[in-house]
>>> print(open('coords38.txt').read())   # compact mmCIF, C-alpha atoms and all ligand atoms
# COMPACT_ATOMS: atom_id res chain seq x y z
CA MET A 14 -33.86 50.26 36.82
CA SER A 15 -31.36 50.59 39.67
CA GLY A 16 -31.29 47.20 41.39
CA PRO A 17 -28.25 46.14 43.36
CA ARG A 18 -26.73 44.28 40.37
CA ALA A 19 -27.44 46.97 37.80
CA THR A 20 -24.28 48.22 36.12
CA LEU A 21 -24.08 51.73 34.76
CA PRO A 22 -22.77 52.02 31.22
CA ALA A 23 -20.28 54.60 32.52
CA ALA A 24 -18.93 52.08 35.01
CA ASP A 25 -18.71 49.48 32.24
CA LEU A 26 -16.82 51.92 30.08
CA ALA A 27 -14.46 52.85 32.91
CA ARG A 28 -13.63 49.21 33.66
CA THR A 29 -13.10 48.53 29.97
CA VAL A 30 -10.76 51.48 29.52
CA VAL A 31 -8.84 50.76 32.73
CA PHE A 32 -8.31 47.16 31.68
CA ALA A 33 -7.17 48.17 28.19
CA ALA A 34 -4.64 50.44 29.92
CA PHE A 35 -3.56 47.55 32.14
CA ILE A 36 -2.95 45.34 29.08
CA ALA A 37 -0.93 48.18 27.56
CA VAL A 38 1.19 48.33 30.73
CA LEU A 39 1.95 44.62 30.34
CA GLY A 40 3.41 45.59 26.95
CA LEU A 41 6.16 47.50 28.77
CA PHE A 42 7.81 44.15 29.40
CA PRO A 43 9.98 43.52 26.35
CA GLY A 44 9.31 40.57 24.07
CA LEU A 45 11.78 37.72 23.81
CA TYR A 46 12.31 36.32 20.33
CA LEU A 47 13.05 32.59 20.64
CA GLY A 48 12.20 29.66 18.42
CA GLY A 49 12.71 31.29 15.04
CA SER A 50 9.07 32.11 14.24
CA GLY A 51 9.37 35.87 14.69
CA VAL A 52 6.60 35.76 17.31
CA PRO A 53 7.84 37.07 20.67
CA ILE A 54 7.37 35.54 24.08
CA VAL A 55 5.45 38.28 25.90
CA LEU A 56 3.80 38.92 29.25
CA GLN A 57 1.04 40.88 27.53
CA ASN A 58 -1.03 37.89 26.42
CA ALA A 59 -1.90 37.31 30.09
CA GLY A 60 -3.96 40.52 29.81
CA PRO A 61 -6.77 39.20 27.61
CA LEU A 62 -7.01 36.06 29.76
CA LEU A 63 -7.28 38.13 32.92
CA ALA A 64 -9.74 40.50 31.23
CA GLY A 65 -12.09 37.59 30.51
CA CYS A 66 -11.66 36.22 34.06
CA VAL A 67 -12.22 39.53 35.83
CA LEU A 68 -14.49 41.59 33.57
CA GLY A 69 -16.46 38.83 31.88
CA ALA A 70 -17.08 38.17 28.21
CA ARG A 71 -18.57 41.49 27.12
CA ARG A 72 -16.37 43.98 28.92
CA GLY A 73 -13.27 41.77 28.77
CA THR A 74 -13.59 41.44 25.01
CA ALA A 75 -14.26 45.16 24.67
CA SER A 76 -11.06 45.99 26.57
CA VAL A 77 -9.01 43.82 24.21
CA VAL A 78 -10.72 45.29 21.13
CA LEU A 79 -9.95 48.79 22.45
CA LEU A 80 -6.28 47.90 23.09
CA LEU A 81 -5.89 46.40 19.61
CA ALA A 82 -7.74 49.27 17.91
CA LEU A 83 -5.46 51.83 19.59
CA THR A 84 -2.48 49.72 18.56
CA ALA A 85 -3.69 49.49 14.97
CA ILE A 86 -4.01 53.27 14.66
CA GLY A 87 -0.38 53.59 15.68
CA LEU A 88 -0.08 53.80 19.45
CA PRO A 89 3.04 51.89 20.60
CA LEU A 90 1.19 49.59 22.99
CA LEU A 91 2.73 46.22 22.15
CA SER A 92 5.92 44.87 23.68
CA GLY A 93 8.97 46.73 22.44
CA GLY A 94 6.85 49.84 21.82
CA ARG A 95 5.38 48.49 18.59
CA GLY A 96 2.14 49.71 17.04
CA GLY A 97 0.43 50.27 13.72
CA ILE A 98 -0.79 47.72 11.21
CA ALA A 99 2.57 45.92 10.80
CA PRO A 100 2.20 43.64 13.87
CA PHE A 101 -1.19 42.46 12.57
CA VAL A 102 0.14 41.42 9.19
CA GLY A 103 3.40 39.93 10.50
CA PRO A 104 3.97 36.49 12.04
CA SER A 105 2.22 37.49 15.30
CA GLY A 106 -0.97 38.64 13.55
CA GLY A 107 -3.06 35.57 14.33
CA PHE A 108 -2.04 35.53 17.98
CA LEU A 109 -2.94 39.22 18.29
CA ILE A 110 -6.38 38.84 16.70
CA GLY A 111 -6.83 35.67 18.74
CA TRP A 112 -6.70 37.74 21.93
CA ILE A 113 -10.28 38.85 21.14
CA PRO A 114 -11.99 35.42 21.01
CA SER A 115 -9.64 34.35 23.79
CA ALA A 116 -11.05 36.94 26.23
CA LEU A 117 -14.57 36.13 24.98
CA VAL A 118 -14.24 32.40 25.61
CA VAL A 119 -12.69 32.93 29.06
CA GLY A 120 -15.54 35.25 30.05
CA LEU A 121 -18.22 32.90 28.71
CA ILE A 122 -16.81 29.91 30.59
CA VAL A 123 -16.55 31.83 33.87
CA ALA A 124 -20.10 33.11 33.46
CA ARG A 125 -21.45 29.68 32.51
CA LEU A 126 -19.81 27.89 35.44
CA ASN A 127 -20.85 30.83 37.63
CA ARG A 128 -18.25 30.17 40.32
CA PRO A 129 -15.05 32.15 39.87
CA ASN A 130 -12.80 29.95 42.00
CA VAL A 131 -9.27 28.86 41.10
CA PRO A 132 -10.20 25.59 39.29
CA VAL A 133 -12.85 27.31 37.14
CA LEU A 134 -10.53 30.20 36.34
CA LEU A 135 -7.73 27.76 35.49
CA LEU A 136 -10.03 25.92 33.08
CA ALA A 137 -11.28 29.16 31.53
CA ALA A 138 -7.81 30.68 31.12
CA ALA A 139 -6.42 27.45 29.62
CA ALA A 140 -9.32 27.35 27.15
CA GLY A 141 -8.72 30.99 26.23
CA LEU A 142 -5.05 30.27 25.65
CA ILE A 143 -5.89 27.32 23.39
CA VAL A 144 -8.24 29.54 21.37
CA ASP A 145 -5.39 32.03 20.90
CA TYR A 146 -3.04 29.23 19.83
CA VAL A 147 -5.58 28.04 17.24
CA PHE A 148 -5.72 31.52 15.71
CA GLY A 149 -2.01 32.17 16.09
CA ILE A 150 -0.64 28.89 14.80
CA THR A 151 -3.10 28.74 11.90
CA PHE A 152 -2.15 32.27 10.81
CA LEU A 153 1.56 31.56 11.28
CA GLY A 154 1.20 28.39 9.23
CA VAL A 155 -0.42 30.31 6.39
CA TYR A 156 2.16 33.10 6.75
CA THR A 157 5.13 30.74 6.53
CA GLY A 158 3.50 28.11 4.31
CA ASN A 159 4.12 25.34 6.82
CA LEU A 160 1.57 24.61 9.53
CA GLY A 161 3.65 21.83 11.10
CA THR A 162 6.68 24.06 11.53
CA ALA A 163 4.46 26.84 12.93
CA ALA A 164 3.09 24.41 15.52
CA VAL A 165 6.55 23.14 16.48
CA GLN A 166 7.97 26.67 16.71
CA SER A 167 5.08 27.64 18.99
CA LEU A 168 6.02 24.98 21.55
CA VAL A 169 8.49 27.51 22.95
CA PHE A 170 5.52 29.51 24.31
CA VAL A 171 4.01 26.66 26.31
CA PRO A 172 6.03 26.78 29.58
CA GLY A 173 5.63 30.53 30.02
CA ASP A 174 2.00 30.47 29.01
CA ALA A 175 1.26 27.65 31.45
CA ALA A 176 2.72 29.83 34.22
CA LYS A 177 0.62 32.79 33.01
CA VAL A 178 -2.57 30.67 33.12
CA VAL A 179 -1.85 29.74 36.75
CA ALA A 180 -1.03 33.36 37.66
CA VAL A 181 -4.19 34.62 35.94
CA ALA A 182 -6.38 32.10 37.78
CA LEU A 183 -4.85 33.00 41.15
CA ILE A 184 -5.09 36.77 40.55
CA GLY A 185 -8.60 36.42 39.15
CA ALA A 186 -9.75 34.46 42.20
CA VAL A 187 -8.29 37.09 44.55
CA VAL A 188 -10.04 39.89 42.63
CA HIS A 189 -13.36 38.05 42.66
CA ARG A 190 -13.03 37.40 46.38
CA ALA A 191 -12.33 41.09 46.97
CA LEU A 192 -15.28 42.22 44.83
CA PRO A 193 -17.86 39.43 45.10
CA GLY A 194 -20.67 39.60 42.53
CA LYS A 195 -19.46 42.89 41.09
CA LEU A 196 -17.58 41.60 38.06
CA VAL A 197 -18.52 38.64 35.83
CA GLY A 198 -22.27 38.42 35.36
CA SER A 199 -22.95 41.86 36.79
C1 LIG B 201 3.10 40.91 19.39
O1 LIG B 201 3.43 41.59 20.36
O2 LIG B 201 3.54 41.06 18.27
C2 LIG B 201 2.11 39.80 19.58
C3 LIG B 201 2.57 38.83 20.55
C4 LIG B 201 1.79 37.56 20.51
C5 LIG B 201 2.59 36.56 21.27
C6 LIG B 201 1.95 35.22 21.34
S1 LIG B 201 0.56 35.23 22.44
C7 LIG B 201 0.65 33.50 22.71
C8 LIG B 201 2.09 33.14 22.71
N1 LIG B 201 2.68 33.30 24.02
C9 LIG B 201 3.66 34.18 24.03
O3 LIG B 201 4.33 34.48 25.04
N2 LIG B 201 3.85 34.69 22.81
C10 LIG B 201 2.88 34.14 21.88
>>> encode(input="coords38.txt", output="structure tokens", more="lines below")
Ligand code: BTN
Amino acid sequence: MSGPRATLPAADLARTVVFAAFIAVLGLFPGLYLGGSGVPIVLQNAGPLLAGCVLGARRGTASVVLLLALTAIGLPLLSGGRGGIAPFVGPSGGFLIGWIPSALVVGLIVARLNRPNVPVLLLAAAAGLIVDYVFGITFLGVYTGNLGTAAVQSLVFVPGDAAKVVAVALIGAVVHRALPGKLVGS
């Protein structure tokens, strides 16, 4: 019942809530609207990637769901102090929803490879980002009626997102080294 790797539901809940708050803090950095799609360049999308790396699939996904649920009911947790349903039905909607499977995939890859070092975390974060792009670009294509244009407009995100993937992998590795065995898979 209380082995060394057992995790109390209360501790799970606390980590989930703290991480949702952390992702909300990333929303304090304002979005930058470049490329004409109406989807901002943000720092906040690093949050779901880091959540999957650090908390694992279950708790990482839960933290993103919590953040998005609080946003949907009106809390101004997205960049620029936005909240409510509007961001979910605007051009960013697919990218926002994609944060959920993104955190899930990152957590599953880290757990499967069972070695949270920088190369594994880089691979996992890159995969999570690609999952978000699939959701985001597909939705944007449907929203604008032109998938090709949506894909081209989204190229503006790639340099910043590549830097975020590297930063997430480095931060994730440091956190795992500081708390060995206490996060993913616990
Ligand atoms: C919003 O705040 O309305 C949602 C923002 C979604 C932004 C997407 S996430 C992937 C890509 N990288 C960015 O920096 N912006 C887009």
>>> residues_around(input="coords38.txt", residues="A:Gly40", least_positions_apart="6", cutoff="10 Å", atoms="all atoms listed in the file", output="PyMOL selection string")
chain A and resi 34+55-58+60+89-95
>>> residues_around(input="coords38.txt", residues="A:Phe170", least_positions_apart="6", cutoff="10 Å", atoms="only C-alpha atoms", output="ChimeraX atom specification")
/A:47-48,52-55,146
>>> closest_residue(input="coords38.txt", among="A:Ala24, A:Pro61, A:Ala33, A:Cys66", to="A:Leu126", atoms="only C-alpha atoms")
A:Cys66
>>> closest_residue(input="coords38.txt", among="A:Phe108, A:Phe32, A:Phe152, A:Tyr46", to="ligand LIG 201 (chain B)", atoms="only C-alpha atoms and all ligand atoms")
A:Phe108
>>> closest_residue(input="coords38.txt", among="A:Val123, A:Val155, A:Ala175, A:Val181", to="ligand LIG 201 (chain B)", atoms="all atoms listed in the file")
A:Ala175
>>> atom_distance(input="coords38.txt", atom1="atom C8 of ligand LIG 201 (chain B)", atom2="atom CA of A:Arg190")
28.4 Å
>>> residues_near_point(input="coords38.txt", point="(4.5, 32.4, 14.1)", cutoff="8 Å", atoms="all atoms listed in the file", output="list in words")
Ser50, Gly51, Val52, Pro104, Ser105, Gly149, Ile150, Phe152, Leu153, Gly154, Tyr156, Thr157, Ala163, Gln166 and Ser167 of chain A
>>> atom_distance(input="coords38.txt", atom1="atom CA of A:Ala186", atom2="atom CA of A:Leu134")
7.3 Å
>>> atom_distance(input="coords38.txt", atom1="atom CA of A:Leu68", atom2="atom CA of A:Pro129")
11.4 Å
>>> closest_residue(input="coords38.txt", among="A:Ala99, A:Val67, A:Val165, A:Ala182", to="ligand LIG 201 (chain B)", atoms="all atoms listed in the file")
A:Ala99
>>> closest_residue(input="coords38.txt", among="A:Ile110, A:Ala140, A:Ala27, A:Leu80", to="A:Val178", atoms="all atoms listed in the file")
A:Ala140
>>> closest_residue(input="coords38.txt", among="A:Val147, A:Leu160, A:Leu45, A:Ala85", to="A:Gly111", atoms="all atoms listed in the file")
A:Val147
>>> build_atoms(input="coords38.txt", residues="stretch 55-88 of chain A", atoms="N, CA and C atoms", output="CSV table (one decimal), keeping the file's coordinate frame")
chain,number,residue,atom,x,y,z
A,55,VAL,N,5.8,37.0,25.3
A,55,VAL,CA,5.4,38.3,25.9
A,55,VAL,C,4.7,38.0,27.2
A,56,LEU,N,4.6,39.0,28.0
A,56,LEU,CA,3.8,38.9,29.2
A,56,LEU,C,2.4,39.4,28.9
A,57,GLN,N,2.3,40.2,27.8
A,57,GLN,CA,1.0,40.9,27.5
A,57,GLN,C,-0.1,40.0,27.2
A,58,ASN,N,0.1,38.8,26.7
A,58,ASN,CA,-1.0,37.9,26.4
A,58,ASN,C,-1.7,37.4,27.7
A,59,ALA,N,-1.1,37.6,28.9
A,59,ALA,CA,-1.9,37.3,30.1
A,59,ALA,C,-3.1,38.3,30.3
A,60,GLY,N,-2.9,39.5,29.7
A,60,GLY,CA,-4.0,40.5,29.8
A,60,GLY,C,-5.3,40.1,29.3
A,61,PRO,N,-5.4,39.6,28.1
A,61,PRO,CA,-6.8,39.2,27.6
A,61,PRO,C,-7.4,38.1,28.4
A,62,LEU,N,-6.5,37.2,28.9
A,62,LEU,CA,-7.0,36.1,29.8
A,62,LEU,C,-7.6,36.6,31.1
A,63,LEU,N,-6.8,37.5,31.7
A,63,LEU,CA,-7.3,38.1,32.9
A,63,LEU,C,-8.5,39.0,32.7
A,64,ALA,N,-8.6,39.7,31.5
A,64,ALA,CA,-9.7,40.5,31.2
A,64,ALA,C,-11.0,39.6,31.2
A,65,GLY,N,-10.9,38.5,30.6
A,65,GLY,CA,-12.1,37.6,30.5
A,65,GLY,C,-12.5,37.1,31.9
A,66,CYS,N,-11.4,36.7,32.7
A,66,CYS,CA,-11.7,36.2,34.1
A,66,CYS,C,-12.3,37.3,35.0
A,67,VAL,N,-11.8,38.5,34.9
A,67,VAL,CA,-12.2,39.5,35.8
A,67,VAL,C,-13.4,40.3,35.4
A,68,LEU,N,-13.4,40.7,34.1
A,68,LEU,CA,-14.5,41.6,33.6
A,68,LEU,C,-15.6,40.8,32.9
A,69,GLY,N,-15.4,39.6,32.6
A,69,GLY,CA,-16.5,38.8,31.9
A,69,GLY,C,-16.3,39.0,30.4
A,70,ALA,N,-17.2,38.3,29.7
A,70,ALA,CA,-17.1,38.2,28.2
A,70,ALA,C,-17.2,39.5,27.5
A,71,ARG,N,-18.3,40.3,27.9
A,71,ARG,CA,-18.6,41.5,27.1
A,71,ARG,C,-17.5,42.6,27.3
A,72,ARG,N,-17.3,42.9,28.6
A,72,ARG,CA,-16.4,44.0,28.9
A,72,ARG,C,-14.9,43.6,28.7
A,73,GLY,N,-14.6,42.3,29.0
A,73,GLY,CA,-13.3,41.8,28.8
A,73,GLY,C,-12.9,41.8,27.3
A,74,THR,N,-13.8,41.4,26.4
A,74,THR,CA,-13.6,41.4,25.0
A,74,THR,C,-13.5,42.9,24.5
A,75,ALA,N,-14.3,43.7,25.1
A,75,ALA,CA,-14.3,45.2,24.7
A,75,ALA,C,-12.9,45.8,25.0
A,76,SER,N,-12.4,45.4,26.2
A,76,SER,CA,-11.1,46.0,26.6
A,76,SER,C,-10.0,45.6,25.6
A,77,VAL,N,-10.0,44.3,25.1
A,77,VAL,CA,-9.0,43.8,24.2
A,77,VAL,C,-9.2,44.5,22.8
A,78,VAL,N,-10.5,44.6,22.4
A,78,VAL,CA,-10.7,45.3,21.1
A,78,VAL,C,-10.2,46.7,21.2
A,79,LEU,N,-10.4,47.4,22.3
A,79,LEU,CA,-10.0,48.8,22.4
A,79,LEU,C,-8.4,48.8,22.4
A,80,LEU,N,-7.8,47.9,23.1
A,80,LEU,CA,-6.3,47.9,23.1
A,80,LEU,C,-5.8,47.7,21.7
A,81,LEU,N,-6.4,46.7,21.0
A,81,LEU,CA,-5.9,46.4,19.6
A,81,LEU,C,-6.2,47.5,18.6
A,82,ALA,N,-7.4,48.2,18.8
A,82,ALA,CA,-7.7,49.3,17.9
A,82,ALA,C,-6.8,50.4,18.1
A,83,LEU,N,-6.4,50.7,19.3
A,83,LEU,CA,-5.5,51.8,19.6
A,83,LEU,C,-4.1,51.5,19.0
A,84,THR,N,-3.7,50.2,19.1
A,84,THR,CA,-2.5,49.7,18.6
A,84,THR,C,-2.5,49.9,17.0
A,85,ALA,N,-3.6,49.5,16.4
A,85,ALA,CA,-3.7,49.5,15.0
A,85,ALA,C,-3.6,50.9,14.4
A,86,ILE,N,-4.1,51.9,15.2
A,86,ILE,CA,-4.0,53.3,14.7
A,86,ILE,C,-2.6,53.9,15.0
A,87,GLY,N,-1.8,53.1,15.6
A,87,GLY,CA,-0.4,53.6,15.7
A,87,GLY,C,0.2,53.8,17.1
A,88,LEU,N,-0.6,53.6,18.1
A,88,LEU,CA,-0.1,53.8,19.4
A,88,LEU,C,0.9,52.6,19.8
